[in-house]
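Just below is one structure, and these are the notes that go with it.
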Number of protein chains: 4
Amino acid sequence: MTRGTNDAGERATTGAARGAPSRRADAVRNRASIIRATRRLVTERGTDAAMGEIAKAAGVAVGTLYRHFPTKADLLAAVVTQYVETLAQAIQEAWARVEQGSADAGQEVLNFVARALEMTSGNQAAKAAARTLGVQPEYSEAEARATEALERLIRAGCDSGRLRSDLTVADIYILVAFCPSDSPVEVRLRWLELIRPGLLGDGA
Amino acid sequence: MTRGTNDAGERATTGAARGAPSRRADAVRNRASIIRATRRLVTERGTDAAMGEIAKAAGVAVGTLYRHFPTKADLLAAVVTQYVETLAQAIQEAWARVEQGSADAGQEVLNFVARALEMTSGNQAAKAAARTLGVQPEYSEAEARATEALERLIRAGCDSGRLRSDLTVADIYILVAFCPSDSPVEVRLRWLELIRPGLLGDGA
Amino acid sequence: MTRGTNDAGERATTGAARGAPSRRADAVRNRASIIRATRRLVTERGTDAAMGEIAKAAGVAVGTLYRHFPTKADLLAAVVTQYVETLAQAIQEAWARVEQGSADAGQEVLNFVARALEMTSGNQAAKAAARTLGVQPEYSEAEARATEALERLIRAGCDSGRLRSDLTVADIYILVAFCPSDSPVEVRLRWLELIRPGLLGDGA
Amino acid sequence: MTRGTNDAGERATTGAARGAPSRRADAVRNRASIIRATRRLVTERGTDAAMGEIAKAAGVAVGTLYRHFPTKADLLAAVVTQYVETLAQAIQEAWARVEQGSADAGQEVLNFVARALEMTSGNQAAKAAARTLGVQPEYSEAEARATEALERLIRAGCDSGRLRSDLTVADIYILVAFCPSDSPVEVRLRWLELIRPGLLGDGA
DNA sequence: TATGAATGAGCGTTCATTCAT
DNA sequence: CATGAATGAACGCTCATTCAT
């Protein structure tokens, strides 16, 4: 959690050149495995997914699960946090492309919504689950990065007349927060089409 | 709750036009009270709202709760069903206004989405909750009525050029199904504005 | 069911010559109906038969059921008592036949066991159920009559050398108490055959 | 409970010949304790013995009870199964004695019934309880062993003229199934005497 | 550090019993 | 007298969490 950021957001001591893969490596593998299993089970069955089942699905014992996440809420928060992290990355990349002139800001915003729609699938449940359990996951840092990049993106899109002139970051969040992420493709595609006119500029 | 059909959709004075309210009257009151409490608690805590708590919130004992709704799923289904019923009524009234020339079809569709947004508040959760428990509430009749009226409304709106020419009933349902019903007013209003362009005709 | 000793062992006020059959007649009918329903349900499902179900099966409301039998235990006791009453009658008739020379005492004892085996069917459950609930049904009077008649029967059978010389009333009770009353016919018949040698005299 | 296979039919020292008893040892003790408690309570109160009470009587929490027996039916089945196992062993030993000439077949059959009468005590109830809950305990293997040995025993007894010539294994089962196992000694002894003539040969 | 047995509060549901009508 | 809605203790069972090994 202090370097690289791998799947579970944990540095992997590639070291320990000789001997068993060290306790630490196991722990890292376990953590990733747990988060993966959680995402899957929570998607399928919501909050009702039991800690015991998650542990089994992750191939560890409950005790190990609890060593990594002292509470069910913590576990759920971890899943949500990771998702926000991924989103932030997507936006930053989009902004990078626009900055170096290789993409249109307006189009990138549209693309971002589509991507978010896709990525949210499965985590929507996690989000709801987290909310239910009263979790206050620490987006902060990742969210800040995402917001900043998105703001720049939108400003650029508005300036070019491509996007609706009064569009804000909050608008995008609202839309993404209430998108049909777990619905069949037809619904998701149609929703994107219904949404688009509201994002584009009057003369677009 | 102020109209002819009361909150529990049951006529109160079966016979005995005057005289004591009888246990029967209590029962009716209880049923309404239970549904009200359920809507509230489920909104707050989702499926995890316990039957015992719902009962207490409704001011009855568990047994009474179960006399009215033999299963948690049944209870949730009842809440959802009632909500669909209300929606159906709203659309039918809208169509009636349009038919007698006292309103514009396009505007009524827009208004309906706004109204649905408002009414969905609190029931969104119930709907999700019901889904979680595998409930298959019997919308059928009410839903059929709603769909038919909405179809007419949309057709009229499209014919007048006011609505997007390829708009369908399903589109409205998608939007309503994923609206920020439980969010603060600002969010709800903004969402409506973001959505509007996607519903209106190109030359609107 | 309206005269003599009726099914529920209650005298029926044949009176009330004119007018509705009087509350009393209804009550009598209800009581009989309840006992019948109880016997059936308890046979099928044991103690788990619910008071509510029994009431419904008897065609009355729970309240009525409770008016007749203030407790589930009371209801069960009534069924058991009635069964003992029937047994007592059977033995008394047997003794009457022997006394007037129209039957052999030993054979009558054998016949009685067979009959008891048959009659116990279905009530075995009631008996067990009653025991479970800690009922102490008031056999006393009927049991006393039965015991006295059976004693005479056995004495006569022993005197004639037909029955095992040390046979007692208690012996018969033991056998009847632990007979395969609810088993298929083959089992019941075979049991009677296995039992017989133990009842007959050495030289029989 | 004093023989090789312990009360729970489980070998205690899996590995670790010496050292701390480990939770595993506790688990084994718990299982035995649970079965013991179940047998006692079910004898006293039949199926109505609550899981919670059984747990308390066994000195464990409900959760532990359920870890060992996922269902009340399973628990009851375990008790019944263990009983059948014990019976099977008794018969096999009897046959072994007869085979090596150290005992008379007829007498062993009689002895077996007596022993079964004794051992059934307490489990009769469990059996009935299990039946009530629709359990289909897996006697199969143990029962098969018992039946085979008993068959040989009976055949030998018949050949020697000691036992009733048409006696079958089923006959013994019938008798044992309906014996006064939970009654006071006098009753049990008397019942054995009443039964004996039916099992012995005509000229015995 | 990983394991998994143990714990016990809590959940959905049932049912004997009461009592206003 | 009959009715049936209401009550609430109790039951079978689950599951987040702890802790001895």
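For the structure tokens, the naming scheme is as follows: chains receive sequential letters (A, B, ...) according to their order of presentation, residues are indexed from 1 within each chain, and ligands are indexed from 1 in presentation order.
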
Could you give me, as a compact mmCIF listing (two decimals) with all heavy atoms, in the first residue's frame, the residues within 10 Å of B:Leu75, counting only C-alpha atoms (C1' of nucleotides) and dropping anything in the same chain fewer than 2 positions from it?
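Heads up, here's the output in around21.txt:
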# COMPACT_ATOMS: atom_id res chain seq x y z
N ILE B 34 -48.31 -0.85 9.20
CA ILE B 34 -47.20 -1.76 8.91
C ILE B 34 -46.51 -1.37 7.60
O ILE B 34 -45.28 -1.27 7.53
CB ILE B 34 -47.70 -3.22 8.82
CG1 ILE B 34 -48.06 -3.74 10.20
CG2 ILE B 34 -46.65 -4.10 8.16
CD1 ILE B 34 -48.79 -5.06 10.20
N ILE B 35 -47.30 -1.13 6.59
CA ILE B 35 -46.71 -0.77 5.30
C ILE B 35 -45.92 0.53 5.43
O ILE B 35 -44.81 0.65 4.91
CB ILE B 35 -47.81 -0.65 4.22
CG1 ILE B 35 -48.35 -2.04 3.90
CG2 ILE B 35 -47.25 0.01 2.97
CD1 ILE B 35 -49.12 -2.11 2.62
N THR B 38 -42.72 -0.16 7.22
CA THR B 38 -41.81 -0.92 6.36
C THR B 38 -41.12 0.01 5.38
O THR B 38 -39.90 -0.03 5.21
CB THR B 38 -42.58 -1.97 5.56
OG1 THR B 38 -43.29 -2.80 6.46
CG2 THR B 38 -41.62 -2.81 4.74
N ARG B 39 -41.91 0.86 4.74
CA ARG B 39 -41.33 1.75 3.75
C ARG B 39 -40.23 2.59 4.40
O ARG B 39 -39.15 2.74 3.86
CB ARG B 39 -42.42 2.66 3.18
CG ARG B 39 -41.97 3.36 1.92
CD ARG B 39 -43.15 3.79 1.06
NE ARG B 39 -44.23 4.30 1.91
CZ ARG B 39 -45.51 4.07 1.68
NH1 ARG B 39 -45.89 3.34 0.67
NH2 ARG B 39 -46.43 4.58 2.48
N MET B 51 -37.85 -7.90 10.81
CA MET B 51 -39.29 -7.99 10.95
C MET B 51 -39.71 -7.49 12.33
O MET B 51 -40.71 -6.81 12.48
CB MET B 51 -39.76 -9.43 10.75
CG MET B 51 -39.58 -9.92 9.33
SD MET B 51 -40.61 -8.99 8.13
CE MET B 51 -42.09 -10.01 8.07
N LEU B 65 -47.87 -8.70 12.56
CA LEU B 65 -47.18 -8.45 11.30
C LEU B 65 -47.32 -9.67 10.40
O LEU B 65 -47.68 -9.57 9.23
CB LEU B 65 -45.70 -8.16 11.60
CG LEU B 65 -44.78 -7.96 10.40
CD1 LEU B 65 -45.35 -6.93 9.45
CD2 LEU B 65 -43.40 -7.53 10.87
N TYR B 66 -47.09 -10.83 10.99
CA TYR B 66 -47.13 -12.06 10.20
C TYR B 66 -48.54 -12.46 9.81
O TYR B 66 -48.73 -13.18 8.84
CB TYR B 66 -46.43 -13.19 10.94
CG TYR B 66 -44.95 -13.16 10.70
CD1 TYR B 66 -44.09 -12.49 11.54
CD2 TYR B 66 -44.41 -13.76 9.57
CE1 TYR B 66 -42.73 -12.43 11.30
CE2 TYR B 66 -43.05 -13.72 9.32
CZ TYR B 66 -42.22 -13.06 10.18
OH TYR B 66 -40.88 -12.99 9.93
N HIS B 68 -50.67 -10.39 8.76
CA HIS B 68 -50.95 -9.59 7.55
C HIS B 68 -50.06 -9.99 6.39
O HIS B 68 -50.51 -10.00 5.24
CB HIS B 68 -50.77 -8.11 7.87
CG HIS B 68 -51.87 -7.55 8.71
ND1 HIS B 68 -53.12 -7.25 8.20
CD2 HIS B 68 -51.93 -7.27 10.03
CE1 HIS B 68 -53.88 -6.78 9.17
NE2 HIS B 68 -53.18 -6.79 10.29
N PHE B 69 -48.80 -10.29 6.69
CA PHE B 69 -47.86 -10.65 5.63
C PHE B 69 -47.09 -11.89 6.05
O PHE B 69 -46.17 -11.79 6.84
CB PHE B 69 -46.90 -9.50 5.35
CG PHE B 69 -47.62 -8.23 4.99
CD1 PHE B 69 -47.88 -7.27 5.96
CD2 PHE B 69 -48.08 -8.01 3.70
CE1 PHE B 69 -48.58 -6.11 5.64
CE2 PHE B 69 -48.77 -6.85 3.37
CZ PHE B 69 -49.02 -5.90 4.34
N PRO B 70 -47.48 -13.03 5.53
CA PRO B 70 -46.94 -14.30 6.03
C PRO B 70 -45.45 -14.45 5.86
O PRO B 70 -44.86 -15.36 6.41
CB PRO B 70 -47.69 -15.36 5.22
CG PRO B 70 -48.57 -14.66 4.26
CD PRO B 70 -48.44 -13.19 4.44
N THR B 71 -44.83 -13.54 5.13
CA THR B 71 -43.41 -13.68 4.85
C THR B 71 -42.79 -12.30 4.68
O THR B 71 -43.46 -11.35 4.29
CB THR B 71 -43.25 -14.49 3.56
OG1 THR B 71 -43.35 -15.87 3.85
CG2 THR B 71 -41.93 -14.22 2.88
N LYS B 72 -41.54 -12.20 4.94
CA LYS B 72 -40.87 -10.92 4.75
C LYS B 72 -40.98 -10.53 3.28
O LYS B 72 -41.24 -9.37 2.94
CB LYS B 72 -39.40 -11.03 5.15
CG LYS B 72 -38.71 -9.70 5.15
CD LYS B 72 -37.30 -9.78 5.70
CE LYS B 72 -36.74 -8.39 5.93
NZ LYS B 72 -35.37 -8.43 6.48
N ALA B 73 -40.83 -11.50 2.42
CA ALA B 73 -40.93 -11.25 0.98
C ALA B 73 -42.32 -10.69 0.66
O ALA B 73 -42.45 -9.75 -0.12
CB ALA B 73 -40.68 -12.53 0.21
N ALA B 77 -43.08 -7.17 -1.05
CA ALA B 77 -43.83 -7.18 -2.29
C ALA B 77 -45.02 -6.23 -2.18
O ALA B 77 -45.35 -5.52 -3.13
CB ALA B 77 -44.30 -8.59 -2.61
N ALA B 78 -45.65 -6.23 -1.02
CA ALA B 78 -46.82 -5.37 -0.84
C ALA B 78 -46.43 -3.91 -0.99
O ALA B 78 -47.14 -3.12 -1.63
CB ALA B 78 -47.44 -5.61 0.53
N VAL B 79 -45.31 -3.55 -0.42
CA VAL B 79 -44.85 -2.16 -0.53
C VAL B 79 -44.58 -1.80 -1.98
O VAL B 79 -45.01 -0.76 -2.47
CB VAL B 79 -43.57 -1.95 0.32
CG1 VAL B 79 -42.99 -0.58 0.05
CG2 VAL B 79 -43.91 -2.10 1.79
N VAL B 80 -43.89 -2.68 -2.65
CA VAL B 80 -43.57 -2.42 -4.05
C VAL B 80 -44.85 -2.33 -4.89
O VAL B 80 -45.02 -1.41 -5.69
CB VAL B 80 -42.66 -3.54 -4.61
CG1 VAL B 80 -42.44 -3.34 -6.10
CG2 VAL B 80 -41.35 -3.55 -3.88
N THR B 81 -45.71 -3.28 -4.69
CA THR B 81 -46.96 -3.31 -5.45
C THR B 81 -47.73 -2.00 -5.28
O THR B 81 -48.23 -1.43 -6.25
CB THR B 81 -47.84 -4.48 -4.98
OG1 THR B 81 -47.17 -5.70 -5.30
CG2 THR B 81 -49.20 -4.45 -5.68
N ALA B 126 -37.02 -0.45 -1.29
CA ALA B 126 -37.92 -1.57 -1.15
C ALA B 126 -37.84 -2.46 -2.38
O ALA B 126 -37.85 -3.68 -2.29
CB ALA B 126 -39.35 -1.07 -0.97
N ALA B 130 -36.76 -6.18 -2.34
CA ALA B 130 -37.64 -7.23 -2.84
C ALA B 130 -36.88 -8.09 -3.84
O ALA B 130 -36.92 -9.32 -3.79
CB ALA B 130 -38.86 -6.61 -3.49
N VAL B 135 -38.35 -11.81 -4.76
CA VAL B 135 -39.79 -11.63 -4.83
C VAL B 135 -40.20 -11.35 -6.28
O VAL B 135 -39.49 -10.70 -7.02
CB VAL B 135 -40.22 -10.42 -3.98
CG1 VAL B 135 -41.72 -10.23 -4.08
CG2 VAL B 135 -39.79 -10.63 -2.56

Enumerate as a PyMOL selection string the residues belonging to chain B that approach chain A to within 10 Å, with only C-alpha atoms taken into account. chain B and resi 44-48+132-133+164+167+170-172+174-175+177-181+183+187-188+190-200+202

Show me, as CSV, the residues of chain E having an atom within 7 Å of chain D, each with the closest atom pair and its distance in Å, using only C-alpha atoms (C1' of nucleotides).
residue,atom,partner,partner_atom,distance
E:DA5,C1',D:Arg23,CA,6.6
E:DA6,C1',D:Thr64,CA,6.0
E:DT7,C1',D:Ala61,CA,6.2

Exercise answer, chain F residues close to chain A, 10 Å and only C-alpha atoms (C1' of nucleotides), as a PyMOL selection string: chain F and resi 14-19

Any chance you could export the current selection's N, CA and C atoms (P, O5', C5', C4', C3', O3' and C1' of nucleotides) as a PDB file, in the first residue's frame?
ATOM      1  P    DT F  14     -28.788 -22.635   8.901  1.00  0.00           P
ATOM      2  O5'  DT F  14     -28.378 -21.125   9.205  1.00  0.00           O
ATOM      3  C5'  DT F  14     -29.256 -20.100   8.774  1.00  0.00           C
ATOM      4  C4'  DT F  14     -28.579 -18.761   8.949  1.00  0.00           C
ATOM      5  C3'  DT F  14     -27.159 -18.682   8.390  1.00  0.00           C
ATOM      6  O3'  DT F  14     -27.069 -17.409   7.746  1.00  0.00           O
ATOM      7  C1'  DT F  14     -27.138 -18.108  10.675  1.00  0.00           C
ATOM      8  P    DC F  15     -25.884 -17.061   6.776  1.00  0.00           P
ATOM      9  O5'  DC F  15     -24.957 -16.192   7.712  1.00  0.00           O
ATOM     10  C5'  DC F  15     -25.569 -15.149   8.464  1.00  0.00           C
ATOM     11  C4'  DC F  15     -24.543 -14.477   9.332  1.00  0.00           C
ATOM     12  C3'  DC F  15     -23.120 -14.536   8.774  1.00  0.00           C
ATOM     13  O3'  DC F  15     -22.487 -13.323   9.104  1.00  0.00           O
ATOM     14  C1'  DC F  15     -23.170 -15.511  10.904  1.00  0.00           C
ATOM     15  P    DA F  16     -21.471 -12.665   8.108  1.00  0.00           P
ATOM     16  O5'  DA F  16     -20.748 -11.630   9.078  1.00  0.00           O
ATOM     17  C5'  DA F  16     -21.529 -10.594   9.677  1.00  0.00           C
ATOM     18  C4'  DA F  16     -21.018 -10.294  11.057  1.00  0.00           C
ATOM     19  C3'  DA F  16     -19.552  -9.868  11.118  1.00  0.00           C
ATOM     20  O3'  DA F  16     -19.443  -8.850  12.106  1.00  0.00           O
ATOM     21  C1'  DA F  16     -19.857 -11.815  12.422  1.00  0.00           C
ATOM     22  P    DT F  17     -18.073  -8.092  12.219  1.00  0.00           P
ATOM     23  O5'  DT F  17     -17.337  -8.921  13.358  1.00  0.00           O
ATOM     24  C5'  DT F  17     -17.970  -9.036  14.633  1.00  0.00           C
ATOM     25  C4'  DT F  17     -17.247 -10.033  15.483  1.00  0.00           C
ATOM     26  C3'  DT F  17     -15.719  -9.902  15.558  1.00  0.00           C
ATOM     27  O3'  DT F  17     -15.405  -9.637  16.918  1.00  0.00           O
ATOM     28  C1'  DT F  17     -16.376 -12.156  15.414  1.00  0.00           C
ATOM     29  P    DT F  18     -13.954  -9.302  17.373  1.00  0.00           P
ATOM     30  O5'  DT F  18     -13.549 -10.573  18.266  1.00  0.00           O
ATOM     31  C5'  DT F  18     -14.464 -11.005  19.250  1.00  0.00           C
ATOM     32  C4'  DT F  18     -13.985 -12.305  19.863  1.00  0.00           C
ATOM     33  C3'  DT F  18     -12.527 -12.307  20.312  1.00  0.00           C
ATOM     34  O3'  DT F  18     -12.497 -12.965  21.569  1.00  0.00           O
ATOM     35  C1'  DT F  18     -12.899 -14.119  18.865  1.00  0.00           C
ATOM     36  P    DC F  19     -11.275 -12.720  22.569  1.00  0.00           P
ATOM     37  O5'  DC F  19     -10.475 -14.099  22.444  1.00  0.00           O
ATOM     38  C5'  DC F  19     -11.196 -15.319  22.631  1.00  0.00           C
ATOM     39  C4'  DC F  19     -10.303 -16.495  22.274  1.00  0.00           C
ATOM     40  C3'  DC F  19      -8.818 -16.267  22.546  1.00  0.00           C
ATOM     41  O3'  DC F  19      -8.261 -17.494  22.973  1.00  0.00           O
ATOM     42  C1'  DC F  19      -9.095 -16.853  20.329  1.00  0.00           C
TER      43       DC F  19
END

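Separating atom CA of B:Leu163 from atom CA of B:Gly201 is a distance of 4.3 Å.
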
Which parts of stretch 90-186 of chain A does DSSP call alpha helix (DSSP H) when run on the backbone here, written out as a PyMOL selection string? chain A and resi 90-99+105-120+123-132+140-159+169-177+185-186

Pull C-alpha atoms from the residues just selected and write them as a short mmCIF file (atom, residue, chain, number, x, y, z; two decimals), in the first residue's frame.
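Result saved to selection-v5.cif:
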data_model
loop_
_atom_site.label_atom_id
_atom_site.label_comp_id
_atom_site.auth_asym_id
_atom_site.auth_seq_id
_atom_site.Cartn_x
_atom_site.Cartn_y
_atom_site.Cartn_z
CA ALA A 90 -9.02 6.29 -16.00
CA ILE A 91 -9.72 9.99 -15.79
CA GLN A 92 -6.13 10.92 -15.34
CA GLU A 93 -5.21 8.97 -18.43
CA ALA A 94 -7.98 10.69 -20.36
CA TRP A 95 -6.72 14.06 -19.32
CA ALA A 96 -3.22 13.09 -20.27
CA ARG A 97 -4.39 12.22 -23.77
CA VAL A 98 -6.26 15.48 -24.13
CA GLU A 99 -3.35 17.48 -22.80
CA ALA A 105 -12.00 16.57 -24.31
CA GLY A 106 -15.73 16.30 -24.95
CA GLN A 107 -15.41 12.84 -26.38
CA GLU A 108 -13.24 11.77 -23.49
CA VAL A 109 -15.89 12.83 -21.01
CA LEU A 110 -18.45 10.82 -22.89
CA ASN A 111 -16.07 7.89 -22.99
CA PHE A 112 -15.42 8.20 -19.31
CA VAL A 113 -19.09 7.91 -18.47
CA ALA A 114 -19.30 4.81 -20.63
CA ARG A 115 -16.25 3.35 -18.95
CA ALA A 116 -17.52 4.12 -15.51
CA LEU A 117 -20.78 2.47 -16.42
CA GLU A 118 -18.88 -0.64 -17.31
CA MET A 119 -16.57 -0.64 -14.33
CA THR A 120 -19.26 0.07 -11.84
CA ASN A 123 -19.20 -2.80 -7.55
CA GLN A 124 -22.47 -1.01 -7.46
CA ALA A 125 -23.50 -3.80 -5.16
CA ALA A 126 -20.38 -3.34 -3.10
CA LYS A 127 -21.11 0.32 -2.83
CA ALA A 128 -24.64 -0.23 -1.69
CA ALA A 129 -23.44 -2.90 0.67
CA ALA A 130 -20.87 -0.56 2.12
CA ARG A 131 -23.49 2.14 2.53
CA THR A 132 -25.75 -0.30 4.32
CA SER A 140 -10.33 11.28 -0.32
CA GLU A 141 -6.99 11.01 -1.96
CA ALA A 142 -8.01 9.11 -5.06
CA GLU A 143 -11.23 11.02 -5.31
CA ALA A 144 -9.38 14.31 -5.17
CA ARG A 145 -7.14 13.27 -8.02
CA ALA A 146 -10.12 12.12 -10.06
CA THR A 147 -12.05 15.29 -9.43
CA GLU A 148 -9.21 17.52 -10.40
CA ALA A 149 -8.54 15.74 -13.68
CA LEU A 150 -12.23 15.58 -14.51
CA GLU A 151 -12.61 19.26 -13.84
CA ARG A 152 -9.90 20.09 -16.31
CA LEU A 153 -11.43 17.73 -18.84
CA ILE A 154 -14.84 19.33 -18.56
CA ARG A 155 -13.54 22.84 -18.71
CA ALA A 156 -11.72 22.00 -21.93
CA GLY A 157 -14.82 20.37 -23.38
CA CYS A 158 -16.96 23.36 -22.54
CA ASP A 159 -14.46 25.79 -23.97
CA VAL A 169 -17.99 17.49 -12.15
CA ALA A 170 -20.87 16.91 -9.81
CA ASP A 171 -23.13 16.31 -12.82
CA ILE A 172 -20.96 13.48 -14.00
CA TYR A 173 -20.90 11.97 -10.55
CA ILE A 174 -24.67 12.13 -10.33
CA LEU A 175 -25.07 10.33 -13.61
CA VAL A 176 -22.49 7.69 -12.81
CA ALA A 177 -23.88 7.16 -9.35
CA VAL A 185 -26.04 -4.46 -22.47
CA GLU A 186 -29.05 -3.21 -24.39
#

In Å, with one decimal, what is the gap from atom CA of C:Ser33 to atom CA of C:Ala57?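 Interatomic distance, atom CA of C:Ser33 to atom CA of C:Ala57: 8.6 Å.
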